[in-house]
Amino acid sequence: MSVSPALADALAQAVGDPSRVATGDSHLDLHASDITFHRPHRPDVVVYPLTTGEVAAVLAVAAEFRAPVTPFGAGSSLEGHVIPIAGGISLDLTRMDRILSVSPADLTATVQAGVTRSALERATGDHGLFFPVDPGADATLGGMAATNAAGTTTVRYGKMRANVLACQAVLPGGRIVRTGSSAPKTSAGYDLLGLLIGSEGTLAVITELTLRLQGLPEHAVALRVSFGDVEAAARAATTIVAAGTGVTRVELLDAWTIAAINAHRGTDLPPVPTLLVEAAGGETAVASDIESIHEVAAAEAAIDVVVVRDPTERARLWAARHASAYASAAAAPGKRSRSTDICVPLSELAAAVSFARAEVERRGLVAGIVGHAGDGNVHLSLHVDPDDPDELASSDELVDLLVTDALARGGTCTGEHGIGLGKVAALELEHGDLVPLMRGIKTLFDPHGIMNPGKVLRLPESDTFVSPRGSLGTTTA
Ligand SMILES: Cc1cc2nc3c(=O)[nH]c(=O)nc-3n(C[C@H](O)[C@H](O)[C@H](O)COP(=O)(O)OP(=O)(O)OC[C@H]3O[C@@H](n4cnc5c(N)ncnc54)[C@H](O)[C@@H]3O)c2cc1C
């Protein structure tokens, strides 16, 4: 399908610059897919706004033409979120990349939605401050808010919802709204800010964010703890958190993942189940945390504890951790990534990890286990060939099983990646009774159903377009 001349003209007028309304193959292809196994689908047109006013004008045009709109940040989400399965407009916010203010006195920064995490880190570092949500990928703050992203430091600082104080957003039709405030807290009415965070571009387009900053810790030390089995590593992770340490990161990597990282990055980490832990703060607190971690490691018969104090070595270790997704992908050439994202109560983590490992082995699959273990969050890095129906069906079955297991343990189908296309059925399994309420909210915000259709909630049956296949039989092929 191609964009009609009337829609193209109206969009060019909305942004005041025809060169920011693109229909060329490279633009459409770049906005058709993510890095996962979900099948690509092109938008009809890509629009690059620079201001909130331009976003409002685009959404007014979209409402008039009933054109679907899929907001696009860095495209690093992992559940088919940015794939415009209904075609229409891919609204690329990456050129809205201005840091509007950094206020050390208020411990806040206000940014346009397209600012990346690393750009903000550079700007705040000059003030001895940092923004603590780090999903590993260099995502945009708008995309991170829209997915309620988390990351390696969530164990200490929380997810996006805990770290966004206010936002400006454009509602379908073009109305500009602000929610939240610059105050450290508020109890003013229904939490619409919390609703927009995690709404995955299905309710509104976020254009500006006011974010909570933290002071850079005085000291930071990383610990690499090796274990004989992955369950012991998981138990140690939760004990470290339960012990009341102030650790900022507690990451679990299984032996397969460590071997993949070594092959990909040329590191020589011992290829055994490993916890990477970071203790940060004042010197005395850090020393006390290191002592506690040694004690927990000894109780779980750890093979080795290496304390990494040198900042360069520490950065190298965390860079290796953040490369784990790419290392896993490189170990499975020709396949596409499919990452599970279950999250369970801390007391259930070791059992959930054990269950996942046993299921992978029973099926003879190749997959690594990585987890933000301090948060009870486990990722299984599966690699599948989307054109192999048997392999896809087998991975569907495994993902189903892991979700069912997590729910039975009192957990959730997704700790951080969100629903997108891939977990629509899992959301129904987890919150089926609430889905009608969610659909009511969607209709209130988006009466024409044009905001990122088919994500979070199943498409209404009346929709005629064919969507790519998601997991758990989410959508029709
Ligand atoms: C290697 C790797 C590691 C990762 N690790 C983590 C992790 O540890 N934790 C984690 O939470 N995630 C992780 N992710 C997933 C990803 O980084 C997050 O989902 C991220 O928050 C998405 O940001 P983005 O800018 O790429 O958004 P996109 O992928 O472009 O968009 C994500 C969703 O938000 C919507 N959206 C984007 N911008 C806006 C906006 N301004 N307004 C409204 N809606 C918008 C889109 O329509 C889409 O539905 C990882 C990804 C990779 C590739």
# chains A, B, ... in the order shown; residues from 1 in each chain; ligands from 1
>>> closest_atom_pairs(of="chain A", to="ligand 1", cutoff="6 Å", atoms="only C-alpha atoms and all ligand atoms", output="JSON lines")
{"residue": "A:Thr70", "atom": "CA", "partner": "ligand 1", "partner_atom_place_in_ligand_line": "47 (O)", "distance": 5.0}
{"residue": "A:Pro71", "atom": "CA", "partner": "ligand 1", "partner_atom_place_in_ligand_line": "47 (O)", "distance": 3.9}
{"residue": "A:Phe72", "atom": "CA", "partner": "ligand 1", "partner_atom_place_in_ligand_line": "30 (O)", "distance": 4.1}
{"residue": "A:Gly73", "atom": "CA", "partner": "ligand 1", "partner_atom_place_in_ligand_line": "30 (O)", "distance": 3.2}
{"residue": "A:Ala74", "atom": "CA", "partner": "ligand 1", "partner_atom_place_in_ligand_line": "26 (O)", "distance": 3.6}
{"residue": "A:Gly75", "atom": "CA", "partner": "ligand 1", "partner_atom_place_in_ligand_line": "30 (O)", "distance": 3.3}
{"residue": "A:Ser76", "atom": "CA", "partner": "ligand 1", "partner_atom_place_in_ligand_line": "26 (O)", "distance": 3.5}
{"residue": "A:Ser77", "atom": "CA", "partner": "ligand 1", "partner_atom_place_in_ligand_line": "29 (O)", "distance": 3.7}
{"residue": "A:Leu78", "atom": "CA", "partner": "ligand 1", "partner_atom_place_in_ligand_line": "15 (C)", "distance": 5.5}
{"residue": "A:His81", "atom": "CA", "partner": "ligand 1", "partner_atom_place_in_ligand_line": "49 (O)", "distance": 4.1}
{"residue": "A:Val82", "atom": "CA", "partner": "ligand 1", "partner_atom_place_in_ligand_line": "48 (C)", "distance": 4.7}
{"residue": "A:Ala113", "atom": "CA", "partner": "ligand 1", "partner_atom_place_in_ligand_line": "41 (N)", "distance": 4.9}
{"residue": "A:Pro135", "atom": "CA", "partner": "ligand 1", "partner_atom_place_in_ligand_line": "7 (C)", "distance": 3.7}
{"residue": "A:Gly136", "atom": "CA", "partner": "ligand 1", "partner_atom_place_in_ligand_line": "3 (C)", "distance": 4.8}
{"residue": "A:Ala137", "atom": "CA", "partner": "ligand 1", "partner_atom_place_in_ligand_line": "2 (C)", "distance": 4.6}
{"residue": "A:Ala139", "atom": "CA", "partner": "ligand 1", "partner_atom_place_in_ligand_line": "25 (O)", "distance": 3.9}
{"residue": "A:Thr140", "atom": "CA", "partner": "ligand 1", "partner_atom_place_in_ligand_line": "25 (O)", "distance": 3.6}
{"residue": "A:Gly142", "atom": "CA", "partner": "ligand 1", "partner_atom_place_in_ligand_line": "41 (N)", "distance": 3.9}
{"residue": "A:Gly143", "atom": "CA", "partner": "ligand 1", "partner_atom_place_in_ligand_line": "27 (O)", "distance": 3.4}
{"residue": "A:Met144", "atom": "CA", "partner": "ligand 1", "partner_atom_place_in_ligand_line": "21 (O)", "distance": 3.2}
{"residue": "A:Ala146", "atom": "CA", "partner": "ligand 1", "partner_atom_place_in_ligand_line": "34 (O)", "distance": 4.4}
{"residue": "A:Thr147", "atom": "CA", "partner": "ligand 1", "partner_atom_place_in_ligand_line": "21 (O)", "distance": 5.2}
{"residue": "A:Ala149", "atom": "CA", "partner": "ligand 1", "partner_atom_place_in_ligand_line": "11 (O)", "distance": 3.4}
{"residue": "A:Ala150", "atom": "CA", "partner": "ligand 1", "partner_atom_place_in_ligand_line": "11 (O)", "distance": 3.9}
{"residue": "A:Gly151", "atom": "CA", "partner": "ligand 1", "partner_atom_place_in_ligand_line": "8 (O)", "distance": 3.8}
{"residue": "A:Glu200", "atom": "CA", "partner": "ligand 1", "partner_atom_place_in_ligand_line": "49 (O)", "distance": 3.8}
{"residue": "A:Gly201", "atom": "CA", "partner": "ligand 1", "partner_atom_place_in_ligand_line": "44 (N)", "distance": 3.4}
{"residue": "A:Ala204", "atom": "CA", "partner": "ligand 1", "partner_atom_place_in_ligand_line": "43 (C)", "distance": 5.8}
{"residue": "A:Val205", "atom": "CA", "partner": "ligand 1", "partner_atom_place_in_ligand_line": "42 (N)", "distance": 3.7}
{"residue": "A:Ile206", "atom": "CA", "partner": "ligand 1", "partner_atom_place_in_ligand_line": "42 (N)", "distance": 3.7}
{"residue": "A:Thr207", "atom": "CA", "partner": "ligand 1", "partner_atom_place_in_ligand_line": "41 (N)", "distance": 5.5}
{"residue": "A:Ala325", "atom": "CA", "partner": "ligand 1", "partner_atom_place_in_ligand_line": "1 (C)", "distance": 5.0}
{"residue": "A:Glu416", "atom": "CA", "partner": "ligand 1", "partner_atom_place_in_ligand_line": "11 (O)", "distance": 4.3}
{"residue": "A:His417", "atom": "CA", "partner": "ligand 1", "partner_atom_place_in_ligand_line": "11 (O)", "distance": 5.0}
>>> residues_around(residues="Thr23 in chain A", least_positions_apart="6", cutoff="7 Å", atoms="only C-alpha atoms", output="CSV table (one decimal) with N, CA and C atoms, in the first residue's frame")
chain,number,residue,atom,x,y,z
A,44,ASP,N,3.7,3.1,5.6
A,44,ASP,CA,3.5,3.7,4.2
A,44,ASP,C,4.3,5.0,4.1
A,45,VAL,N,4.6,5.6,5.3
A,45,VAL,CA,5.3,6.8,5.3
A,45,VAL,C,6.0,7.0,6.6
A,46,VAL,N,7.2,7.6,6.6
A,46,VAL,CA,7.9,7.9,7.9
A,46,VAL,C,7.9,9.5,8.0
>>> select_by_dssp(residues="range 107-339 of chain A", states="alpha helix (DSSP H)", output="mmCIF file with C-alpha atoms, in the first residue's frame")
data_model
loop_
_atom_site.group_PDB
_atom_site.id
_atom_site.type_symbol
_atom_site.label_atom_id
_atom_site.label_comp_id
_atom_site.auth_asym_id
_atom_site.auth_seq_id
_atom_site.Cartn_x
_atom_site.Cartn_y
_atom_site.Cartn_z
ATOM 1 C CA ARG A 117 20.147 7.578 27.393
ATOM 2 C CA SER A 118 23.843 8.036 26.556
ATOM 3 C CA ALA A 119 23.353 11.686 25.476
ATOM 4 C CA LEU A 120 21.655 12.383 28.808
ATOM 5 C CA GLU A 121 24.463 10.601 30.651
ATOM 6 C CA ARG A 122 27.025 12.899 29.017
ATOM 7 C CA ALA A 123 25.016 16.026 29.859
ATOM 8 C CA THR A 124 24.348 15.106 33.495
ATOM 9 C CA GLY A 125 27.836 13.721 34.196
ATOM 10 C CA LEU A 141 14.042 8.401 26.839
ATOM 11 C CA GLY A 142 10.629 8.582 25.119
ATOM 12 C CA GLY A 143 10.831 4.918 24.110
ATOM 13 C CA MET A 144 12.055 3.974 27.579
ATOM 14 C CA ALA A 145 9.102 5.786 29.152
ATOM 15 C CA ALA A 146 6.692 4.229 26.654
ATOM 16 C CA THR A 154 16.611 -1.203 38.803
ATOM 17 C CA VAL A 155 17.360 -3.184 41.960
ATOM 18 C CA ARG A 156 18.416 0.089 43.576
ATOM 19 C CA TYR A 157 16.665 2.891 41.661
ATOM 20 C CA MET A 160 11.051 4.404 34.458
ATOM 21 C CA ARG A 161 7.770 4.915 36.310
ATOM 22 C CA ALA A 162 9.759 5.647 39.484
ATOM 23 C CA ASN A 163 12.059 8.044 37.669
ATOM 24 C CA LEU A 192 -2.268 9.634 34.189
ATOM 25 C CA LEU A 193 1.500 9.988 34.088
ATOM 26 C CA GLY A 194 1.813 6.418 35.333
ATOM 27 C CA LEU A 195 -0.734 5.360 32.703
ATOM 28 C CA LEU A 196 1.177 6.934 29.812
ATOM 29 C CA VAL A 230 23.078 -21.538 38.157
ATOM 30 C CA GLU A 231 20.579 -22.205 40.941
ATOM 31 C CA ALA A 232 23.224 -21.386 43.582
ATOM 32 C CA ALA A 233 23.978 -18.152 41.724
ATOM 33 C CA ALA A 234 20.254 -17.257 41.710
ATOM 34 C CA ARG A 235 19.901 -18.044 45.426
ATOM 35 C CA ALA A 236 22.942 -15.909 46.212
ATOM 36 C CA ALA A 237 21.500 -13.001 44.195
ATOM 37 C CA THR A 238 18.290 -12.892 46.169
ATOM 38 C CA THR A 239 20.091 -13.369 49.501
ATOM 39 C CA ILE A 240 22.340 -10.389 48.718
ATOM 40 C CA VAL A 241 19.249 -8.217 48.144
ATOM 41 C CA ALA A 242 17.378 -9.615 51.154
ATOM 42 C CA ALA A 255 27.760 -20.638 31.600
ATOM 43 C CA TRP A 256 26.461 -20.649 27.993
ATOM 44 C CA THR A 257 26.101 -16.858 27.998
ATOM 45 C CA ILE A 258 29.562 -16.309 29.503
ATOM 46 C CA ALA A 259 31.081 -18.535 26.793
ATOM 47 C CA ALA A 260 29.173 -16.572 24.126
ATOM 48 C CA ILE A 261 30.477 -13.265 25.567
ATOM 49 C CA ASN A 262 34.049 -14.589 25.597
ATOM 50 C CA ALA A 263 33.744 -15.622 21.941
ATOM 51 C CA HIS A 264 32.122 -12.345 20.911
ATOM 52 C CA ARG A 265 34.233 -9.851 22.850
ATOM 53 C CA GLU A 283 33.485 3.992 51.320
ATOM 54 C CA THR A 284 32.255 2.391 54.553
ATOM 55 C CA ALA A 285 28.944 1.264 53.051
ATOM 56 C CA VAL A 286 30.701 -0.234 50.036
ATOM 57 C CA ALA A 287 33.198 -2.085 52.266
ATOM 58 C CA SER A 288 30.331 -3.479 54.319
ATOM 59 C CA ASP A 289 28.461 -4.604 51.171
ATOM 60 C CA ILE A 290 31.595 -6.346 49.866
ATOM 61 C CA GLU A 291 31.873 -8.234 53.151
ATOM 62 C CA SER A 292 28.210 -9.297 52.989
ATOM 63 C CA ILE A 293 28.612 -10.479 49.394
ATOM 64 C CA HIS A 294 31.654 -12.580 50.374
ATOM 65 C CA GLU A 295 29.625 -14.170 53.174
ATOM 66 C CA VAL A 296 26.694 -15.000 50.882
ATOM 67 C CA ALA A 297 29.078 -16.358 48.241
ATOM 68 C CA ALA A 298 30.753 -18.632 50.812
ATOM 69 C CA ALA A 299 27.369 -19.913 52.019
ATOM 70 C CA PRO A 311 37.094 1.983 36.933
ATOM 71 C CA THR A 312 38.254 0.934 33.455
ATOM 72 C CA GLU A 313 38.082 -2.761 34.316
ATOM 73 C CA ARG A 314 34.708 -2.224 35.924
ATOM 74 C CA ALA A 315 33.398 -0.446 32.816
ATOM 75 C CA ARG A 316 34.758 -3.321 30.697
ATOM 76 C CA LEU A 317 32.919 -5.870 32.823
ATOM 77 C CA TRP A 318 29.598 -4.028 32.506
ATOM 78 C CA ALA A 319 30.155 -3.510 28.788
ATOM 79 C CA ALA A 320 30.561 -7.298 28.510
ATOM 80 C CA ARG A 321 27.303 -7.775 30.415
ATOM 81 C CA HIS A 322 25.478 -5.315 28.178
ATOM 82 C CA SER A 324 25.300 -10.402 26.190
ATOM 83 C CA ALA A 325 22.292 -10.088 23.839
ATOM 84 C CA TYR A 326 24.535 -9.439 20.838
ATOM 85 C CA ALA A 327 26.966 -12.187 21.941
ATOM 86 C CA SER A 328 24.085 -14.675 22.187
ATOM 87 C CA ALA A 329 22.837 -13.632 18.750
ATOM 88 C CA ALA A 330 26.334 -14.049 17.273
#
>>> atom_distance(atom1="CA of Val58 in chain A", atom2="CA of Ile89 in chain A")
9.3 Å
>>> residues_around(residues="Arg42 in chain A", least_positions_apart="3", cutoff="7 Å", atoms="only C-alpha atoms", output="ChimeraX atom specification")
/A:28-29,31-32,84,87
>>> residues_around(residues="Thr412 in chain A", least_positions_apart="3", cutoff="12 Å", atoms="only C-alpha atoms", output="PyMOL selection string")
chain A and resi 340-345+352+376-378+402-409+415-419+423+426-431
>>> write_last_selection(atoms="N, CA and C atoms", output="short mmCIF file (atom, residue, chain, number, x, y, z; two decimals), in the first residue's frame")
data_model
loop_
_atom_site.label_atom_id
_atom_site.label_comp_id
_atom_site.auth_asym_id
_atom_site.auth_seq_id
_atom_site.Cartn_x
_atom_site.Cartn_y
_atom_site.Cartn_z
N THR A 340 12.73 -14.19 26.43
CA THR A 340 11.64 -14.24 27.41
C THR A 340 11.95 -13.22 28.51
N ASP A 341 10.95 -12.90 29.32
CA ASP A 341 11.08 -11.74 30.22
C ASP A 341 10.31 -11.94 31.51
N ILE A 342 10.16 -13.20 31.96
CA ILE A 342 9.32 -13.41 33.14
C ILE A 342 9.98 -12.79 34.38
N CYS A 343 9.15 -12.46 35.35
CA CYS A 343 9.66 -11.88 36.59
C CYS A 343 8.87 -12.52 37.73
N VAL A 344 9.57 -12.97 38.76
CA VAL A 344 8.91 -13.71 39.85
C VAL A 344 9.31 -13.10 41.20
N PRO A 345 8.54 -13.42 42.26
CA PRO A 345 8.99 -12.98 43.59
C PRO A 345 10.39 -13.53 43.86
N ALA A 352 12.49 -20.84 39.49
CA ALA A 352 12.09 -20.46 38.13
C ALA A 352 13.25 -20.63 37.16
N GLY A 376 14.36 -10.38 40.38
CA GLY A 376 13.56 -11.58 40.08
C GLY A 376 13.22 -11.72 38.61
N ASN A 377 13.99 -11.07 37.75
CA ASN A 377 13.69 -11.01 36.31
C ASN A 377 14.64 -11.93 35.53
N VAL A 378 14.06 -12.82 34.72
CA VAL A 378 14.89 -13.80 33.99
C VAL A 378 14.64 -13.70 32.50
N LEU A 402 6.93 -21.14 30.23
CA LEU A 402 7.64 -20.28 31.17
C LEU A 402 6.71 -19.21 31.75
N VAL A 403 5.83 -18.68 30.90
CA VAL A 403 4.87 -17.67 31.38
C VAL A 403 3.92 -18.32 32.38
N THR A 404 3.39 -19.49 32.03
CA THR A 404 2.45 -20.17 32.93
C THR A 404 3.13 -20.46 34.27
N ASP A 405 4.38 -20.91 34.19
CA ASP A 405 5.14 -21.21 35.41
C ASP A 405 5.32 -19.95 36.26
N ALA A 406 5.68 -18.84 35.60
CA ALA A 406 5.90 -17.58 36.35
C ALA A 406 4.61 -17.12 37.01
N LEU A 407 3.49 -17.23 36.29
CA LEU A 407 2.21 -16.80 36.88
C LEU A 407 1.86 -17.67 38.08
N ALA A 408 2.14 -18.97 37.95
CA ALA A 408 1.83 -19.88 39.07
C ALA A 408 2.68 -19.54 40.29
N ARG A 409 3.82 -18.95 40.07
CA ARG A 409 4.70 -18.56 41.19
C ARG A 409 4.36 -17.17 41.73
N GLY A 415 8.76 -8.51 33.00
CA GLY A 415 9.29 -7.63 34.04
C GLY A 415 9.65 -6.27 33.50
N GLU A 416 9.92 -6.19 32.17
CA GLU A 416 10.40 -4.91 31.65
C GLU A 416 10.19 -4.71 30.16
N HIS A 417 10.19 -5.77 29.36
CA HIS A 417 10.15 -5.55 27.91
C HIS A 417 8.78 -5.08 27.44
N GLY A 418 7.73 -5.41 28.17
CA GLY A 418 6.39 -4.99 27.79
C GLY A 418 5.68 -6.01 26.92
N ILE A 419 4.53 -5.62 26.38
CA ILE A 419 3.65 -6.56 25.69
C ILE A 419 3.87 -6.54 24.18
N LYS A 423 3.40 -10.48 23.36
CA LYS A 423 2.86 -11.00 24.61
C LYS A 423 1.39 -10.65 24.81
N ALA A 426 -0.23 -13.48 26.38
CA ALA A 426 0.28 -13.66 27.75
C ALA A 426 -0.38 -12.64 28.69
N LEU A 427 -0.60 -11.43 28.18
CA LEU A 427 -1.29 -10.41 28.99
C LEU A 427 -2.71 -10.89 29.31
N GLU A 428 -3.36 -11.49 28.31
CA GLU A 428 -4.73 -12.00 28.55
C GLU A 428 -4.71 -13.11 29.60
N LEU A 429 -3.67 -13.93 29.54
CA LEU A 429 -3.55 -15.01 30.52
C LEU A 429 -3.35 -14.44 31.93
N GLU A 430 -2.54 -13.39 32.00
CA GLU A 430 -2.21 -12.81 33.30
C GLU A 430 -3.34 -11.93 33.85
N HIS A 431 -3.94 -11.15 32.98
CA HIS A 431 -4.91 -10.14 33.45
C HIS A 431 -6.19 -10.16 32.63
#
>>> residues_around(residues="Thr108 in chain A", least_positions_apart="6", cutoff="7 Å", atoms="only C-alpha atoms", output="list in words")
Val102, Thr210, Leu211, Arg212 and Leu213 of chain A
>>> write_last_selection(atoms="C-alpha atoms", output="short mmCIF file (atom, residue, chain, number, x, y, z; two decimals), in the first residue's frame")
data_model
loop_
_atom_site.label_atom_id
_atom_site.label_comp_id
_atom_site.auth_asym_id
_atom_site.auth_seq_id
_atom_site.Cartn_x
_atom_site.Cartn_y
_atom_site.Cartn_z
CA VAL A 102 19.50 20.07 33.69
CA THR A 210 11.08 15.64 33.27
CA LEU A 211 13.34 13.03 34.86
CA ARG A 212 14.60 12.41 38.38
CA LEU A 213 18.43 12.47 38.60
#
>>> closest_residue(among="A:Leu434, A:Leu165, A:Ala367, A:Ala373", to="Thr274 in chain A", atoms="only C-alpha atoms")
A:Ala373
>>> residues_around(residues="Ser395 in chain A", least_positions_apart="2", cutoff="12 Å", atoms="only C-alpha atoms", output="ChimeraX atom specification")
/A:37,336-340,359-360,363-367,380-386,388-393,397-402,470-473
>>> write_last_selection(atoms="N, CA and C atoms", output="short mmCIF file (atom, residue, chain, number, x, y, z; two decimals), in the first residue's frame")
data_model
loop_
_atom_site.label_atom_id
_atom_site.label_comp_id
_atom_site.auth_asym_id
_atom_site.auth_seq_id
_atom_site.Cartn_x
_atom_site.Cartn_y
_atom_site.Cartn_z
N PHE A 37 12.46 -11.89 16.20
CA PHE A 37 11.92 -12.83 15.21
C PHE A 37 10.60 -12.37 14.60
N ARG A 336 16.96 -15.43 14.49
CA ARG A 336 16.49 -14.16 15.05
C ARG A 336 16.24 -14.33 16.54
N SER A 337 16.44 -13.22 17.26
CA SER A 337 16.34 -13.28 18.73
C SER A 337 14.91 -13.36 19.22
N ARG A 338 14.74 -14.10 20.27
CA ARG A 338 13.46 -14.14 20.97
C ARG A 338 13.78 -14.24 22.46
N SER A 339 13.53 -13.18 23.19
CA SER A 339 13.93 -13.15 24.59
C SER A 339 12.70 -13.25 25.49
N THR A 340 12.73 -14.19 26.43
CA THR A 340 11.64 -14.24 27.41
C THR A 340 11.95 -13.22 28.51
N GLU A 359 13.85 -27.18 31.17
CA GLU A 359 13.02 -27.22 29.95
C GLU A 359 13.86 -27.04 28.69
N VAL A 360 14.84 -26.15 28.76
CA VAL A 360 15.72 -25.94 27.61
C VAL A 360 16.48 -27.23 27.32
N ARG A 363 14.43 -30.12 25.83
CA ARG A 363 14.05 -29.92 24.43
C ARG A 363 15.27 -29.90 23.51
N GLY A 364 16.46 -30.02 24.10
CA GLY A 364 17.68 -29.99 23.29
C GLY A 364 17.88 -28.65 22.60
N LEU A 365 17.38 -27.57 23.23
CA LEU A 365 17.52 -26.24 22.62
C LEU A 365 18.84 -25.60 23.05
N VAL A 366 19.25 -24.62 22.27
CA VAL A 366 20.43 -23.84 22.64
C VAL A 366 19.92 -22.48 23.08
N ALA A 367 20.14 -22.13 24.33
CA ALA A 367 19.65 -20.83 24.83
C ALA A 367 20.41 -20.47 26.08
N LEU A 380 15.46 -15.68 28.93
CA LEU A 380 16.02 -16.82 28.20
C LEU A 380 16.27 -16.31 26.80
N SER A 381 17.52 -16.34 26.35
CA SER A 381 17.81 -15.85 24.99
C SER A 381 17.65 -16.99 24.01
N LEU A 382 16.47 -17.04 23.39
CA LEU A 382 16.23 -18.07 22.38
C LEU A 382 16.60 -17.51 21.01
N HIS A 383 16.89 -18.40 20.09
CA HIS A 383 17.19 -17.95 18.73
C HIS A 383 16.41 -18.85 17.79
N VAL A 384 15.60 -18.24 16.96
CA VAL A 384 14.71 -19.05 16.12
C VAL A 384 14.78 -18.61 14.67
N ASP A 385 14.42 -19.55 13.81
CA ASP A 385 14.29 -19.25 12.39
C ASP A 385 12.80 -18.99 12.13
N PRO A 386 12.42 -17.75 11.85
CA PRO A 386 10.99 -17.44 11.70
C PRO A 386 10.35 -18.21 10.55
N ASP A 388 10.93 -21.39 9.97
CA ASP A 388 10.86 -22.82 10.31
C ASP A 388 9.67 -23.02 11.27
N PRO A 389 8.52 -23.49 10.74
CA PRO A 389 7.32 -23.55 11.58
C PRO A 389 7.50 -24.45 12.80
N ASP A 390 8.28 -25.55 12.65
CA ASP A 390 8.46 -26.45 13.79
C ASP A 390 9.24 -25.75 14.91
N GLU A 391 10.30 -25.07 14.49
CA GLU A 391 11.14 -24.39 15.49
C GLU A 391 10.34 -23.28 16.19
N LEU A 392 9.56 -22.59 15.39
CA LEU A 392 8.75 -21.51 15.94
C LEU A 392 7.71 -22.07 16.92
N ALA A 393 7.08 -23.16 16.51
CA ALA A 393 6.05 -23.76 17.38
C ALA A 393 6.67 -24.24 18.68
N GLU A 397 5.80 -22.94 22.44
CA GLU A 397 5.42 -23.85 23.53
C GLU A 397 6.26 -23.56 24.78
N LEU A 398 7.56 -23.36 24.55
CA LEU A 398 8.45 -23.09 25.69
C LEU A 398 8.09 -21.75 26.35
N VAL A 399 7.86 -20.73 25.52
CA VAL A 399 7.53 -19.41 26.07
C VAL A 399 6.23 -19.50 26.87
N ASP A 400 5.24 -20.20 26.31
CA ASP A 400 3.96 -20.42 27.02
C ASP A 400 4.19 -21.03 28.40
N LEU A 401 5.03 -22.08 28.38
CA LEU A 401 5.28 -22.83 29.61
C LEU A 401 5.95 -21.94 30.66
N LEU A 402 6.93 -21.14 30.23
CA LEU A 402 7.64 -20.28 31.17
C LEU A 402 6.71 -19.21 31.75
N GLY A 470 2.84 -13.31 16.13
CA GLY A 470 3.52 -13.09 17.40
C GLY A 470 3.61 -14.38 18.16
N SER A 471 4.14 -14.32 19.36
CA SER A 471 4.25 -15.52 20.16
C SER A 471 2.91 -15.88 20.77
N LEU A 472 2.81 -17.05 21.33
CA LEU A 472 1.61 -17.51 22.02
C LEU A 472 0.37 -17.39 21.15
N GLY A 473 0.58 -17.52 19.81
CA GLY A 473 -0.55 -17.45 18.89
C GLY A 473 -1.25 -16.11 18.97
#
>>> closest_residue(among="A:Gly411, A:Pro217, A:Gly282, A:Gly174", to="Val55 in chain A", atoms="only C-alpha atoms")
A:Gly174
>>> select_by_dssp(residues="range 37-281 of chain A", states="strand (DSSP E or B)", output="number ranges by chain")
A: 45-47, 69-72, 89-92, 99-103, 108-112, 116, 129-130, 140, 164-170, 176-180, 205-212, 214-215, 219-226, 249-253, 274-281
>>> atom_distance(atom1="CA of Leu276 in chain A", atom2="CA of Val133 in chain A")
17.4 Å
>>> residues_around(residues="Gln112 in chain A", least_positions_apart="5", cutoff="7 Å", atoms="only C-alpha atoms", output="MDAnalysis selection string")
chainID A and resid 96:99 207:209
